[in-house]
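Here is the structure we will look at, set down as structure tokens.
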Amino acid sequence: MTTLTTSPFNLPEHLAAKAAPRLVAADERHFAAIAETLDHTIDALSERLDAARRAPGRSGQAALDRDQEVRRLTARLRTLRRFGLDLCLGRMITAGGDGDEEALYVGRLGLTDRAGRRLLLDWRSPAAEPFFGATHADPMGLRSRRRYRWTRGRISDYWDEAFSPDGLEGLDGRLALDDESAFIASLGATRSRRMRDVLGTIQADQDAIIRAGSRGALVVDGGPGTGKTVVALHRAAYLLYSDPRLGHRRGGVLVVGPHRPYLDHVADVLPRLGEEGVQTCTLRDLVPEGSTARTEDDVVVARLKSSAAMVAAIEPAVRFYEKAPTEGLLVETEWSDVWVGAEDWAEAFAAPDPGTPHNEARDVIWESLLDVLVDKHEEEDSPADLVRRSLARNRDLARAFGRAWPVLDPGELVGDLWSVPAYLRLCAPWLAPEEVRALRRADAQSWTTADLPLLDAARQRLGDPEASRRRRRQEAAAAAERERMDDVVRDLIASDDTEMRVMSMLRGQDLQTALVDTTGTPDGGPDALAGPFAHIVVDEAQELTDAEWQMLLRRCPSRSMTVVGDRAQARRGFTESWEERLRRVGLAEVTIASLAINYRTPVEVMSEAEPVIRAALPDANVPTSVRSTGVPVVHGSRADLAATVDAWLADHAEGTACVIGDPTFEASSRVRSLTPALAKGLEFDLVVLVDPDDLGSGTAGAVDRYVAMTRATQRLVVLTSP
């Protein structure tokens, strides 16, 4: 039970003055009301969830609505049980229109007691916006703001900020005013493998981006430590709350990260915000071949396959196999022969709706062709159903159809481009002869990361090669079930000796259909990452090629995106503007939001990292650090690596470290060993960078060194070989 029996304040001895009744009594009364309401709410939600789960099985929209309700109730219950009182982020005191003050408490979720009194404002609601957005320049109607720090379910510290000092008469005695804000104070906390919970300390510049509208592509541009990822993930939760067009029924939200360690790092952020239905993945996850694809080492091949034009070559590659026969065919049946002319083929080939995947269109075309041919038998007075079966079994017709519209496999289609030069020249006529030769390879299906956008385009254009067979198995299973139910109904009617002959109602077609259970019929199920999605968040977006952007645009017809990145961290270089890059790949409406304050990396580290990136990119957008640790960057010998890590572990009972540049270093629970590419988006208390010059030259080498150095939140050690 959440019922409040002790004070929620558990301040350490050196903060005892902050526990004075005049400072916390109002909060304690409010938390008591929250505790009581939480107990009642959890009980009520549990009952509703049990009732929803016990509801009789349904189909169609009713089943979807039931599942959505179960998921919604489950997610809210999980959040309430997970947090308890620490659902509350803080409070703000506003000045009412009549001059009276009002204390409003902001939480992860909204909470109302049984009398209808609002105990917590949902952080995403318009009423809660001043809690995050108020500044001394624009108090947004606030007189003061209090932010809590929770440790194991109790408040271990809190910070008050006063706005408009002239309007604080009567409040001064109830505020614990600190020189340091809650946000700045929290920056020195140790890190873990999971991203820290920072919702309570979102800053005004970050909040403005989080609450921006969903229309078009919003670019969150900023250097290391500016909170780009924090903004993007909280924005996803905000949009799901505020924009009904982006709800799960409309496609929901997809978050695309640069690599698996990143996804592990941020895995807990959205669930902590009450959003558990958001899909997360890397670009590799979008296609089955991504799990084993190797990096493309050939610079020329990587460049050629990175273009959107190469992805567009998939369309003519598929159309090559979609040509209606121009020659006729005589098909024999048990009644008479029927001529299949070019016009018959053309009519059947025109039957699928535009956009129907190639393999899924086969059934439509085949059924249309049979319709055309059955119609030709009408004047012969032949039984249409028997004629249709005879035509469907005709091997000559089936072979001709198979040649005209074959089942295509995405891997084989793309592999043919790299193994059949004439086919590649047909589909990509702009390629020079030497480029065609460069793309040819002996093992056509030895996939690299550069192939993934083409494989994805082929899979989307072709559809599932097994779809037709699976659909026919489903239809056969459903037909068998209907036949079995017909036998049951006949037996029940025959044995019915009631006066009103109740069983005769089973002859009704609707009731018979309702009795057929098709839930157990074979079904491959939809690909959860195939989309479409209502909104996509893509982090480290500066690394995406034009071809890779097509993978995302294909899944986001709304073109509503949050694009997160730093042009100075692009390993392949990024000389154009965000607007130029995104409009070129297909995003017409682009808005830029910049973050310039580095909250993560201390001044001591940035002072050494900035010259590294400016040597390669003089105009790099290097953010300004807001804090100093007083700990200088240490330079030493590679031979000191083990001793450096061991000493840090001995001195720090908590926190995480990372060794970058030594793949032989053995990782542990608190010390990771990563490349600069896999460290992107992560942060560590200690970073040990080994032999930075070995990371390479040019832009890529400079970016790798810059990325590695700026992962440090407390201490950076640079070790070099003699």
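As shown in the structure tokens, the chain order sets the letters A, B, ...; within each chain, residues go from 1, and ligands are also counted from 1 in the order they appear.
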Write out as a VMD selection string which residues come within 12 Å of region 274-278 of chain A when counting only C-alpha atoms, dropping same-chain ones fewer than 5 positions away. chain A and resid 68 71 to 83 87 107 to 110 122 to 124 233 to 241 246 to 249 251 to 256 267 to 269 528 to 529 533 to 537
Check region 81-308 of chain A with DSSP on the backbone and list each residue it calls strand (DSSP E), as a tab-separated table (two decimals) with N, CA, C and O atoms, in the first residue's frame.
```
chain	number	residue	atom	x	y	z
A	88	CYS	N	5.67	12.54	-8.40
A	88	CYS	CA	5.68	14.00	-8.34
A	88	CYS	C	7.08	14.54	-8.65
A	88	CYS	O	8.07	14.12	-8.03
A	89	LEU	N	7.14	15.46	-9.58
A	89	LEU	CA	8.41	16.06	-9.98
A	89	LEU	C	8.73	17.32	-9.19
A	89	LEU	O	9.89	17.62	-8.92
A	90	GLY	N	7.69	18.05	-8.82
A	90	GLY	CA	7.90	19.30	-8.11
A	90	GLY	C	6.61	20.09	-8.03
A	90	GLY	O	5.52	19.60	-8.36
A	91	ARG	N	6.74	21.31	-7.58
A	91	ARG	CA	5.56	22.17	-7.46
A	91	ARG	C	5.91	23.56	-7.97
A	91	ARG	O	7.09	23.94	-8.05
A	92	MET	N	4.89	24.30	-8.32
A	92	MET	CA	5.07	25.70	-8.70
A	92	MET	C	3.98	26.52	-8.02
A	92	MET	O	2.84	26.06	-7.88
A	93	ILE	N	4.34	27.69	-7.59
A	93	ILE	CA	3.39	28.59	-6.95
A	93	ILE	C	3.12	29.74	-7.90
A	93	ILE	O	4.04	30.42	-8.35
A	94	THR	N	1.85	29.88	-8.22
A	94	THR	CA	1.44	30.92	-9.17
A	94	THR	C	0.66	31.99	-8.44
A	94	THR	O	0.13	31.78	-7.35
A	95	ALA	N	0.58	33.14	-9.05
A	95	ALA	CA	-0.22	34.24	-8.52
A	95	ALA	C	-1.54	34.25	-9.26
A	95	ALA	O	-1.58	34.40	-10.48
A	101	GLU	N	-2.20	33.17	-3.96
A	101	GLU	CA	-1.25	32.21	-4.51
A	101	GLU	C	-1.91	30.84	-4.64
A	101	GLU	O	-2.87	30.52	-3.94
A	102	GLU	N	-1.37	30.04	-5.56
A	102	GLU	CA	-1.87	28.67	-5.76
A	102	GLU	C	-0.68	27.76	-6.00
A	102	GLU	O	0.18	28.06	-6.82
A	103	ALA	N	-0.63	26.64	-5.25
A	103	ALA	CA	0.43	25.66	-5.43
A	103	ALA	C	-0.06	24.56	-6.36
A	103	ALA	O	-1.08	23.92	-6.08
A	104	LEU	N	0.66	24.36	-7.43
A	104	LEU	CA	0.32	23.31	-8.39
A	104	LEU	C	1.47	22.31	-8.42
A	104	LEU	O	2.63	22.69	-8.56
A	105	TYR	N	1.13	21.03	-8.31
A	105	TYR	CA	2.13	19.97	-8.29
A	105	TYR	C	2.14	19.27	-9.65
A	105	TYR	O	1.09	18.94	-10.19
A	106	VAL	N	3.34	19.03	-10.17
A	106	VAL	CA	3.52	18.46	-11.50
A	106	VAL	C	4.04	17.03	-11.36
A	106	VAL	O	4.96	16.77	-10.57
A	107	GLY	N	3.47	16.10	-12.13
A	107	GLY	CA	3.86	14.71	-12.03
A	107	GLY	C	4.08	14.05	-13.38
A	107	GLY	O	3.83	14.64	-14.44
A	111	LEU	N	-3.18	13.11	-11.81
A	111	LEU	CA	-3.83	12.36	-10.73
A	111	LEU	C	-4.89	13.26	-10.10
A	111	LEU	O	-4.61	14.40	-9.72
A	112	THR	N	-6.11	12.71	-9.97
A	112	THR	CA	-7.23	13.44	-9.39
A	112	THR	C	-7.84	12.61	-8.28
A	112	THR	O	-8.02	11.40	-8.43
A	118	ARG	N	-7.51	18.18	-8.43
A	118	ARG	CA	-6.33	17.81	-9.20
A	118	ARG	C	-5.11	17.82	-8.28
A	118	ARG	O	-4.69	18.87	-7.81
A	119	LEU	N	-4.55	16.62	-8.03
A	119	LEU	CA	-3.39	16.50	-7.16
A	119	LEU	C	-2.08	16.61	-7.94
A	119	LEU	O	-1.09	17.11	-7.42
A	120	LEU	N	-2.08	16.11	-9.17
A	120	LEU	CA	-0.89	16.19	-10.01
A	120	LEU	C	-1.29	16.59	-11.42
A	120	LEU	O	-2.24	16.04	-11.98
A	121	LEU	N	-0.57	17.52	-11.97
A	121	LEU	CA	-0.72	17.86	-13.38
A	121	LEU	C	0.21	16.96	-14.20
A	121	LEU	O	1.38	16.80	-13.85
A	122	ASP	N	-0.29	16.38	-15.26
A	122	ASP	CA	0.59	15.63	-16.16
A	122	ASP	C	1.62	16.59	-16.74
A	122	ASP	O	1.29	17.68	-17.19
A	142	LEU	N	4.77	32.49	-12.70
A	142	LEU	CA	5.21	31.80	-11.49
A	142	LEU	C	5.83	32.77	-10.49
A	142	LEU	O	6.54	33.71	-10.86
A	143	ARG	N	5.58	32.48	-9.21
A	143	ARG	CA	6.28	33.20	-8.14
A	143	ARG	C	7.47	32.38	-7.66
A	143	ARG	O	8.49	32.94	-7.26
A	144	SER	N	7.32	31.04	-7.67
A	144	SER	CA	8.43	30.19	-7.27
A	144	SER	C	8.25	28.80	-7.88
A	144	SER	O	7.15	28.43	-8.32
A	145	ARG	N	9.34	28.04	-7.87
A	145	ARG	CA	9.32	26.67	-8.38
A	145	ARG	C	10.17	25.80	-7.47
A	145	ARG	O	11.26	26.20	-7.06
A	146	ARG	N	9.69	24.62	-7.15
A	146	ARG	CA	10.44	23.67	-6.33
A	146	ARG	C	10.58	22.36	-7.10
A	146	ARG	O	9.60	21.81	-7.61
A	147	ARG	N	11.82	21.85	-7.16
A	147	ARG	CA	12.08	20.57	-7.82
A	147	ARG	C	12.62	19.60	-6.76
A	147	ARG	O	13.46	19.97	-5.95
A	148	TYR	N	12.13	18.35	-6.82
A	148	TYR	CA	12.54	17.34	-5.84
A	148	TYR	C	13.58	16.40	-6.42
A	148	TYR	O	13.55	16.09	-7.61
A	149	ARG	N	14.47	15.93	-5.55
A	149	ARG	CA	15.33	14.80	-5.90
A	149	ARG	C	14.90	13.61	-5.06
A	149	ARG	O	14.91	13.68	-3.83
A	150	TRP	N	14.52	12.52	-5.75
A	150	TRP	CA	14.02	11.33	-5.06
A	150	TRP	C	15.11	10.26	-5.01
A	150	TRP	O	15.81	10.02	-5.99
A	151	THR	N	15.24	9.62	-3.86
A	151	THR	CA	16.16	8.50	-3.70
A	151	THR	C	15.41	7.38	-2.98
A	151	THR	O	14.97	7.55	-1.83
A	154	ARG	N	11.94	8.39	-1.52
A	154	ARG	CA	11.81	9.51	-0.59
A	154	ARG	C	12.64	10.69	-1.09
A	154	ARG	O	13.60	10.51	-1.86
A	155	ILE	N	12.29	11.88	-0.65
A	155	ILE	CA	12.96	13.09	-1.11
A	155	ILE	C	14.27	13.27	-0.36
A	155	ILE	O	14.28	13.45	0.87
A	156	SER	N	15.37	13.21	-1.11
A	156	SER	CA	16.69	13.36	-0.49
A	156	SER	C	17.22	14.78	-0.62
A	156	SER	O	18.21	15.13	0.02
A	157	ASP	N	16.56	15.60	-1.43
A	157	ASP	CA	16.93	17.00	-1.55
A	157	ASP	C	15.87	17.69	-2.38
A	157	ASP	O	15.08	17.05	-3.10
A	158	TYR	N	15.82	19.00	-2.29
A	158	TYR	CA	14.93	19.78	-3.15
A	158	TYR	C	15.54	21.17	-3.31
A	158	TYR	O	16.38	21.60	-2.53
A	159	TRP	N	15.10	21.84	-4.38
A	159	TRP	CA	15.64	23.17	-4.68
A	159	TRP	C	14.49	24.12	-5.00
A	159	TRP	O	13.57	23.76	-5.73
A	160	ASP	N	14.56	25.29	-4.45
A	160	ASP	CA	13.56	26.33	-4.75
A	160	ASP	C	14.19	27.41	-5.61
A	160	ASP	O	15.35	27.77	-5.42
A	161	GLU	N	13.42	27.89	-6.54
A	161	GLU	CA	13.82	29.04	-7.36
A	161	GLU	C	12.75	30.11	-7.20
A	161	GLU	O	11.55	29.82	-7.30
A	162	ALA	N	13.16	31.33	-7.00
A	162	ALA	CA	12.23	32.45	-6.85
A	162	ALA	C	12.23	33.28	-8.12
A	162	ALA	O	13.27	33.56	-8.70
A	217	ALA	N	9.41	17.99	-40.34
A	217	ALA	CA	10.61	17.47	-39.69
A	217	ALA	C	11.21	18.56	-38.80
A	217	ALA	O	11.51	19.65	-39.28
A	218	LEU	N	11.37	18.25	-37.53
A	218	LEU	CA	12.02	19.16	-36.59
A	218	LEU	C	13.43	18.63	-36.33
A	218	LEU	O	13.60	17.52	-35.83
A	219	VAL	N	14.43	19.43	-36.66
A	219	VAL	CA	15.82	19.04	-36.44
A	219	VAL	C	16.27	19.59	-35.09
A	219	VAL	O	16.21	20.79	-34.84
A	220	VAL	N	16.69	18.69	-34.19
A	220	VAL	CA	17.28	19.09	-32.92
A	220	VAL	C	18.79	19.02	-33.10
A	220	VAL	O	19.40	17.96	-33.07
A	221	ASP	N	19.38	20.18	-33.33
A	221	ASP	CA	20.80	20.27	-33.67
A	221	ASP	C	21.57	20.77	-32.46
A	221	ASP	O	21.20	21.76	-31.82
A	222	GLY	N	22.65	20.06	-32.13
A	222	GLY	CA	23.46	20.50	-31.00
A	222	GLY	C	24.68	19.63	-30.82
A	222	GLY	O	24.71	18.48	-31.26
A	253	VAL	N	4.77	5.71	-32.67
A	253	VAL	CA	6.08	6.35	-32.82
A	253	VAL	C	7.17	5.29	-32.90
A	253	VAL	O	7.14	4.29	-32.19
A	254	LEU	N	8.14	5.53	-33.77
A	254	LEU	CA	9.32	4.68	-33.90
A	254	LEU	C	10.54	5.51	-33.53
A	254	LEU	O	10.71	6.63	-34.01
A	255	VAL	N	11.40	4.97	-32.66
A	255	VAL	CA	12.66	5.63	-32.30
A	255	VAL	C	13.80	4.81	-32.91
A	255	VAL	O	13.92	3.61	-32.65
A	256	VAL	N	14.62	5.46	-33.73
A	256	VAL	CA	15.73	4.80	-34.42
A	256	VAL	C	17.03	5.32	-33.84
A	256	VAL	O	17.31	6.52	-33.88
A	257	GLY	N	17.84	4.41	-33.28
A	257	GLY	CA	19.11	4.78	-32.69
A	257	GLY	C	20.27	4.27	-33.51
A	257	GLY	O	20.10	3.47	-34.43
A	279	GLN	N	8.07	1.67	-30.46
A	279	GLN	CA	9.05	0.74	-31.05
A	279	GLN	C	10.42	1.42	-31.10
A	279	GLN	O	10.53	2.60	-31.44
A	280	THR	N	11.47	0.69	-30.76
A	280	THR	CA	12.83	1.20	-30.88
A	280	THR	C	13.66	0.22	-31.70
A	280	THR	O	13.46	-1.00	-31.60
A	281	CYS	N	14.58	0.73	-32.49
A	281	CYS	CA	15.40	-0.15	-33.33
A	281	CYS	C	16.60	0.61	-33.86
A	281	CYS	O	16.71	1.83	-33.69
A	282	THR	N	17.50	-0.11	-34.51
A	282	THR	CA	18.56	0.49	-35.32
A	282	THR	C	18.19	0.28	-36.78
A	282	THR	O	17.26	-0.47	-37.10
```
Using 7 Å as the limit and counting only C-alpha atoms, can you tabulate each residue of region 50-158 of chain A that touches region 203-213 of chain A, with its shortest atom-to-atom distance in Å and the two atoms involved, as CSV?
```
residue,atom,partner,partner_atom,distance
A:Phe132,CA,A:Ala204,CA,5.5
A:Gly133,CA,A:Ala204,CA,4.2
A:Ala134,CA,A:Ala204,CA,6.6
```
Keeping all heavy atoms for every residue in the selection just given, could you write it to a file as a JSON list (two decimals), in the first residue's frame?
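For reference, result.json as written:
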```json
[["chain", "number", "residue", "atom", "x", "y", "z"],
["A", 132, "PHE", "N", 8.51, 23.88, -16.48],
["A", 132, "PHE", "CA", 9.73, 23.65, -17.24],
["A", 132, "PHE", "C", 10.21, 24.90, -17.98],
["A", 132, "PHE", "O", 11.40, 25.12, -18.14],
["A", 132, "PHE", "CB", 9.51, 22.53, -18.26],
["A", 132, "PHE", "CG", 9.06, 21.24, -17.66],
["A", 132, "PHE", "CD1", 7.72, 20.91, -17.63],
["A", 132, "PHE", "CD2", 9.97, 20.36, -17.11],
["A", 132, "PHE", "CE1", 7.28, 19.72, -17.07],
["A", 132, "PHE", "CE2", 9.55, 19.16, -16.55],
["A", 132, "PHE", "CZ", 8.21, 18.84, -16.52],
["A", 133, "GLY", "N", 9.26, 25.70, -18.44],
["A", 133, "GLY", "CA", 9.60, 26.80, -19.33],
["A", 133, "GLY", "C", 9.89, 28.13, -18.68],
["A", 133, "GLY", "O", 10.47, 29.02, -19.31],
["A", 134, "ALA", "N", 9.51, 28.31, -17.40],
["A", 134, "ALA", "CA", 9.70, 29.61, -16.75],
["A", 134, "ALA", "C", 11.18, 29.94, -16.59],
["A", 134, "ALA", "O", 11.99, 29.08, -16.23],
["A", 134, "ALA", "CB", 9.01, 29.61, -15.40]]
```
Shortest contact to Ser390 (chain A), candidates A:Ser336, A:Ser637, A:Ser668, A:Ser306, atoms counted only C-alpha atoms, goes to A:Ser336
What residues in region 78-293 of chain A get the DSSP label helix (DSSP H, G or I)? Please answer as a PyMOL selection string. chain A and resi 78-87+126-133+165-167+172-174+182-186+199-201+204-210+228-242+244-246+248-250+260-266+269-272+283-286+288-291
Please identify all polymer residues within 8 Å of region 707-713 of chain A, counting only C-alpha atoms, omitting same-chain residues fewer than 2 positions from it, and present them as a tab-separated table (two decimals) with N, CA, C and O atoms, in the first residue's frame.
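Saved result, around_22.tsv, follows:
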```
chain	number	residue	atom	x	y	z
A	188	GLY	N	26.45	16.49	-11.62
A	188	GLY	CA	27.61	15.78	-11.09
A	188	GLY	C	27.30	14.38	-10.60
A	188	GLY	O	28.21	13.68	-10.15
A	224	PRO	N	27.91	17.87	-28.41
A	224	PRO	CA	27.90	16.88	-27.33
A	224	PRO	C	27.38	17.48	-26.03
A	224	PRO	O	27.65	18.63	-25.69
A	225	GLY	N	26.60	16.67	-25.29
A	225	GLY	CA	26.17	17.06	-23.96
A	225	GLY	C	25.06	18.08	-23.89
A	225	GLY	O	24.71	18.56	-22.81
A	569	GLN	N	29.72	15.90	-35.85
A	569	GLN	CA	30.00	14.52	-35.48
A	569	GLN	C	29.74	13.55	-36.63
A	569	GLN	O	29.62	12.34	-36.40
A	600	ARG	N	26.63	18.26	-20.03
A	600	ARG	CA	27.27	17.01	-19.61
A	600	ARG	C	28.78	17.12	-19.43
A	600	ARG	O	29.33	16.71	-18.41
A	601	THR	N	29.46	17.66	-20.43
A	601	THR	CA	30.92	17.60	-20.45
A	601	THR	C	31.52	18.80	-19.73
A	601	THR	O	31.22	19.95	-20.06
A	602	PRO	N	32.36	18.56	-18.74
A	602	PRO	CA	32.94	19.69	-17.99
A	602	PRO	C	33.89	20.53	-18.85
A	602	PRO	O	34.41	20.07	-19.87
A	605	VAL	N	37.33	19.09	-19.92
A	605	VAL	CA	37.36	18.14	-21.03
A	605	VAL	C	37.13	18.85	-22.36
A	605	VAL	O	37.83	18.62	-23.35
A	606	MET	N	36.18	19.77	-22.38
A	606	MET	CA	35.87	20.46	-23.63
A	606	MET	C	37.04	21.33	-24.09
A	606	MET	O	37.23	21.55	-25.29
A	609	ALA	N	38.95	18.92	-26.07
A	609	ALA	CA	38.23	18.32	-27.19
A	609	ALA	C	37.98	19.33	-28.32
A	609	ALA	O	38.00	18.96	-29.50
A	660	ILE	N	38.17	3.42	-24.55
A	660	ILE	CA	37.95	3.58	-25.99
A	660	ILE	C	39.30	3.54	-26.69
A	660	ILE	O	40.20	4.31	-26.36
A	676	PRO	N	34.76	4.30	-30.83
A	676	PRO	CA	34.07	5.60	-30.82
A	676	PRO	C	32.67	5.53	-31.42
A	676	PRO	O	31.75	6.18	-30.92
A	679	ALA	N	30.30	4.20	-28.94
A	679	ALA	CA	30.17	5.05	-27.76
A	679	ALA	C	29.27	6.25	-28.03
A	679	ALA	O	28.86	6.94	-27.08
A	680	LYS	N	28.93	6.49	-29.29
A	680	LYS	CA	28.08	7.64	-29.62
A	680	LYS	C	26.75	7.56	-28.88
A	680	LYS	O	26.11	6.52	-28.82
A	682	LEU	N	26.33	7.78	-25.72
A	682	LEU	CA	26.49	7.29	-24.35
A	682	LEU	C	27.29	8.29	-23.51
A	682	LEU	O	27.88	9.23	-24.04
A	683	GLU	N	27.32	8.06	-22.21
A	683	GLU	CA	28.08	8.93	-21.31
A	683	GLU	C	28.61	8.10	-20.15
A	683	GLU	O	27.98	7.14	-19.70
A	684	PHE	N	29.80	8.50	-19.64
A	684	PHE	CA	30.47	7.75	-18.60
A	684	PHE	C	31.15	8.73	-17.64
A	684	PHE	O	31.59	9.81	-18.05
A	685	ASP	N	31.26	8.32	-16.38
A	685	ASP	CA	31.96	9.16	-15.42
A	685	ASP	C	33.44	9.29	-15.78
A	685	ASP	O	34.01	10.38	-15.70
A	686	LEU	N	34.03	8.17	-16.18
A	686	LEU	CA	35.45	8.17	-16.58
A	686	LEU	C	35.56	7.64	-18.00
A	686	LEU	O	34.96	6.62	-18.34
A	687	VAL	N	36.31	8.34	-18.83
A	687	VAL	CA	36.66	7.84	-20.17
A	687	VAL	C	38.18	7.76	-20.25
A	687	VAL	O	38.88	8.73	-19.94
A	689	LEU	N	40.87	7.19	-23.05
A	689	LEU	CA	41.09	7.16	-24.49
A	689	LEU	C	42.52	6.68	-24.76
A	689	LEU	O	43.48	7.31	-24.33
A	703	VAL	N	36.60	13.24	-35.87
A	703	VAL	CA	35.28	13.03	-35.26
A	703	VAL	C	35.34	11.93	-34.22
A	703	VAL	O	34.78	12.05	-33.12
A	704	ASP	N	36.03	10.84	-34.53
A	704	ASP	CA	36.13	9.73	-33.57
A	704	ASP	C	36.81	10.19	-32.28
A	704	ASP	O	36.38	9.82	-31.17
A	705	ARG	N	37.87	10.97	-32.39
A	705	ARG	CA	38.56	11.46	-31.18
A	705	ARG	C	37.65	12.41	-30.39
A	705	ARG	O	37.59	12.36	-29.16
A	715	ARG	N	35.75	12.76	-15.66
A	715	ARG	CA	37.21	12.66	-15.79
A	715	ARG	C	37.58	12.05	-17.12
A	715	ARG	O	36.97	11.07	-17.57
A	716	LEU	N	38.60	12.61	-17.78
A	716	LEU	CA	39.13	12.08	-19.04
A	716	LEU	C	40.61	11.80	-18.87
A	716	LEU	O	41.37	12.65	-18.39
```
Could you give me, as a PDB file with C-alpha atoms, in the first residue's frame, the residues within 10 Å of Pro421 (chain A), counting only C-alpha atoms and dropping anything in the same chain fewer than 4 positions from it?
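Heads up, here's the output in out-v8.pdb:
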```pdb
ATOM      1  CA  ASP A 416      21.059 -10.203 -59.368  1.00  0.00           C
ATOM      2  CA  LEU A 417      21.953  -6.516 -59.644  1.00  0.00           C
ATOM      3  CA  ARG A 425      22.757  -1.385 -66.559  1.00  0.00           C
ATOM      4  CA  LEU A 426      19.059  -1.745 -67.437  1.00  0.00           C
ATOM      5  CA  CYS A 427      17.907  -0.693 -63.964  1.00  0.00           C
ATOM      6  CA  PRO A 433      30.965   1.083 -67.072  1.00  0.00           C
ATOM      7  CA  VAL A 436      29.070  -1.298 -62.934  1.00  0.00           C
ATOM      8  CA  ARG A 437      32.286  -3.288 -62.669  1.00  0.00           C
ATOM      9  CA  LEU A 439      29.554  -3.103 -57.972  1.00  0.00           C
ATOM     10  CA  ARG A 440      29.945  -6.633 -59.281  1.00  0.00           C
TER      11      ARG A 440
END
```
Polymer residues at most 8 Å from Ile365 (chain A), only C-alpha atoms, same-chain spacing of 3 or more positions, as a VMD selection string: chain A and resid 348 to 352 361 to 362 368 to 369
Dump N, CA and C atoms for the selected residues as a short mmCIF file (atom, residue, chain, number, x, y, z; two decimals), in the first residue's frame?
```cif
data_model
loop_
_atom_site.label_atom_id
_atom_site.label_comp_id
_atom_site.auth_asym_id
_atom_site.auth_seq_id
_atom_site.Cartn_x
_atom_site.Cartn_y
_atom_site.Cartn_z
N ALA A 348 -6.07 -8.71 -66.90
CA ALA A 348 -5.77 -9.31 -65.60
C ALA A 348 -4.63 -8.58 -64.90
N PHE A 349 -3.60 -8.18 -65.65
CA PHE A 349 -2.45 -7.50 -65.05
C PHE A 349 -2.83 -6.12 -64.52
N ALA A 350 -3.91 -5.56 -65.02
CA ALA A 350 -4.35 -4.24 -64.55
C ALA A 350 -5.23 -4.31 -63.31
N ALA A 351 -5.51 -5.52 -62.83
CA ALA A 351 -6.46 -5.69 -61.74
C ALA A 351 -5.96 -5.20 -60.38
N PRO A 352 -4.70 -5.40 -60.00
CA PRO A 352 -4.27 -4.98 -58.64
C PRO A 352 -4.35 -3.47 -58.47
N ALA A 361 0.23 -9.15 -55.30
CA ALA A 361 -0.62 -8.90 -56.47
C ALA A 361 -0.86 -10.17 -57.28
N ARG A 362 -0.03 -11.18 -57.10
CA ARG A 362 -0.17 -12.41 -57.90
C ARG A 362 -1.55 -13.03 -57.75
N SER A 368 -8.29 -12.62 -61.31
CA SER A 368 -8.85 -11.82 -62.41
C SER A 368 -8.74 -12.55 -63.74
N LEU A 369 -7.62 -13.22 -63.96
CA LEU A 369 -7.45 -13.98 -65.20
C LEU A 369 -8.47 -15.10 -65.30
#
```
In Å to one decimal, how far is CA of Val563 (chain A) from CA of Ile592 (chain A)?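 Going from CA of Ile592 (chain A) over to CA of Val563 (chain A) covers 9.3 Å.
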May I ask for the distance between CA of Asp646 (chain A) and CA of Val631 (chain A), given in Å to one decimal place?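 Interatomic distance here is 18.1 Å.
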Quick one: distance from CA of Phe401 (chain A) to CA of Pro383 (chain A) in Å, one decimal?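 Separation of CA of Phe401 (chain A) and CA of Pro383 (chain A): 23.6 Å.
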With only C-alpha atoms as the counted atoms, please give the residues lying no more than 10 Å from Gly290 (chain A), apart from itself and same-chain residues fewer than 4 positions off, as a ChimeraX atom specification. /A:282-286,294,447-449,451-453,455-456
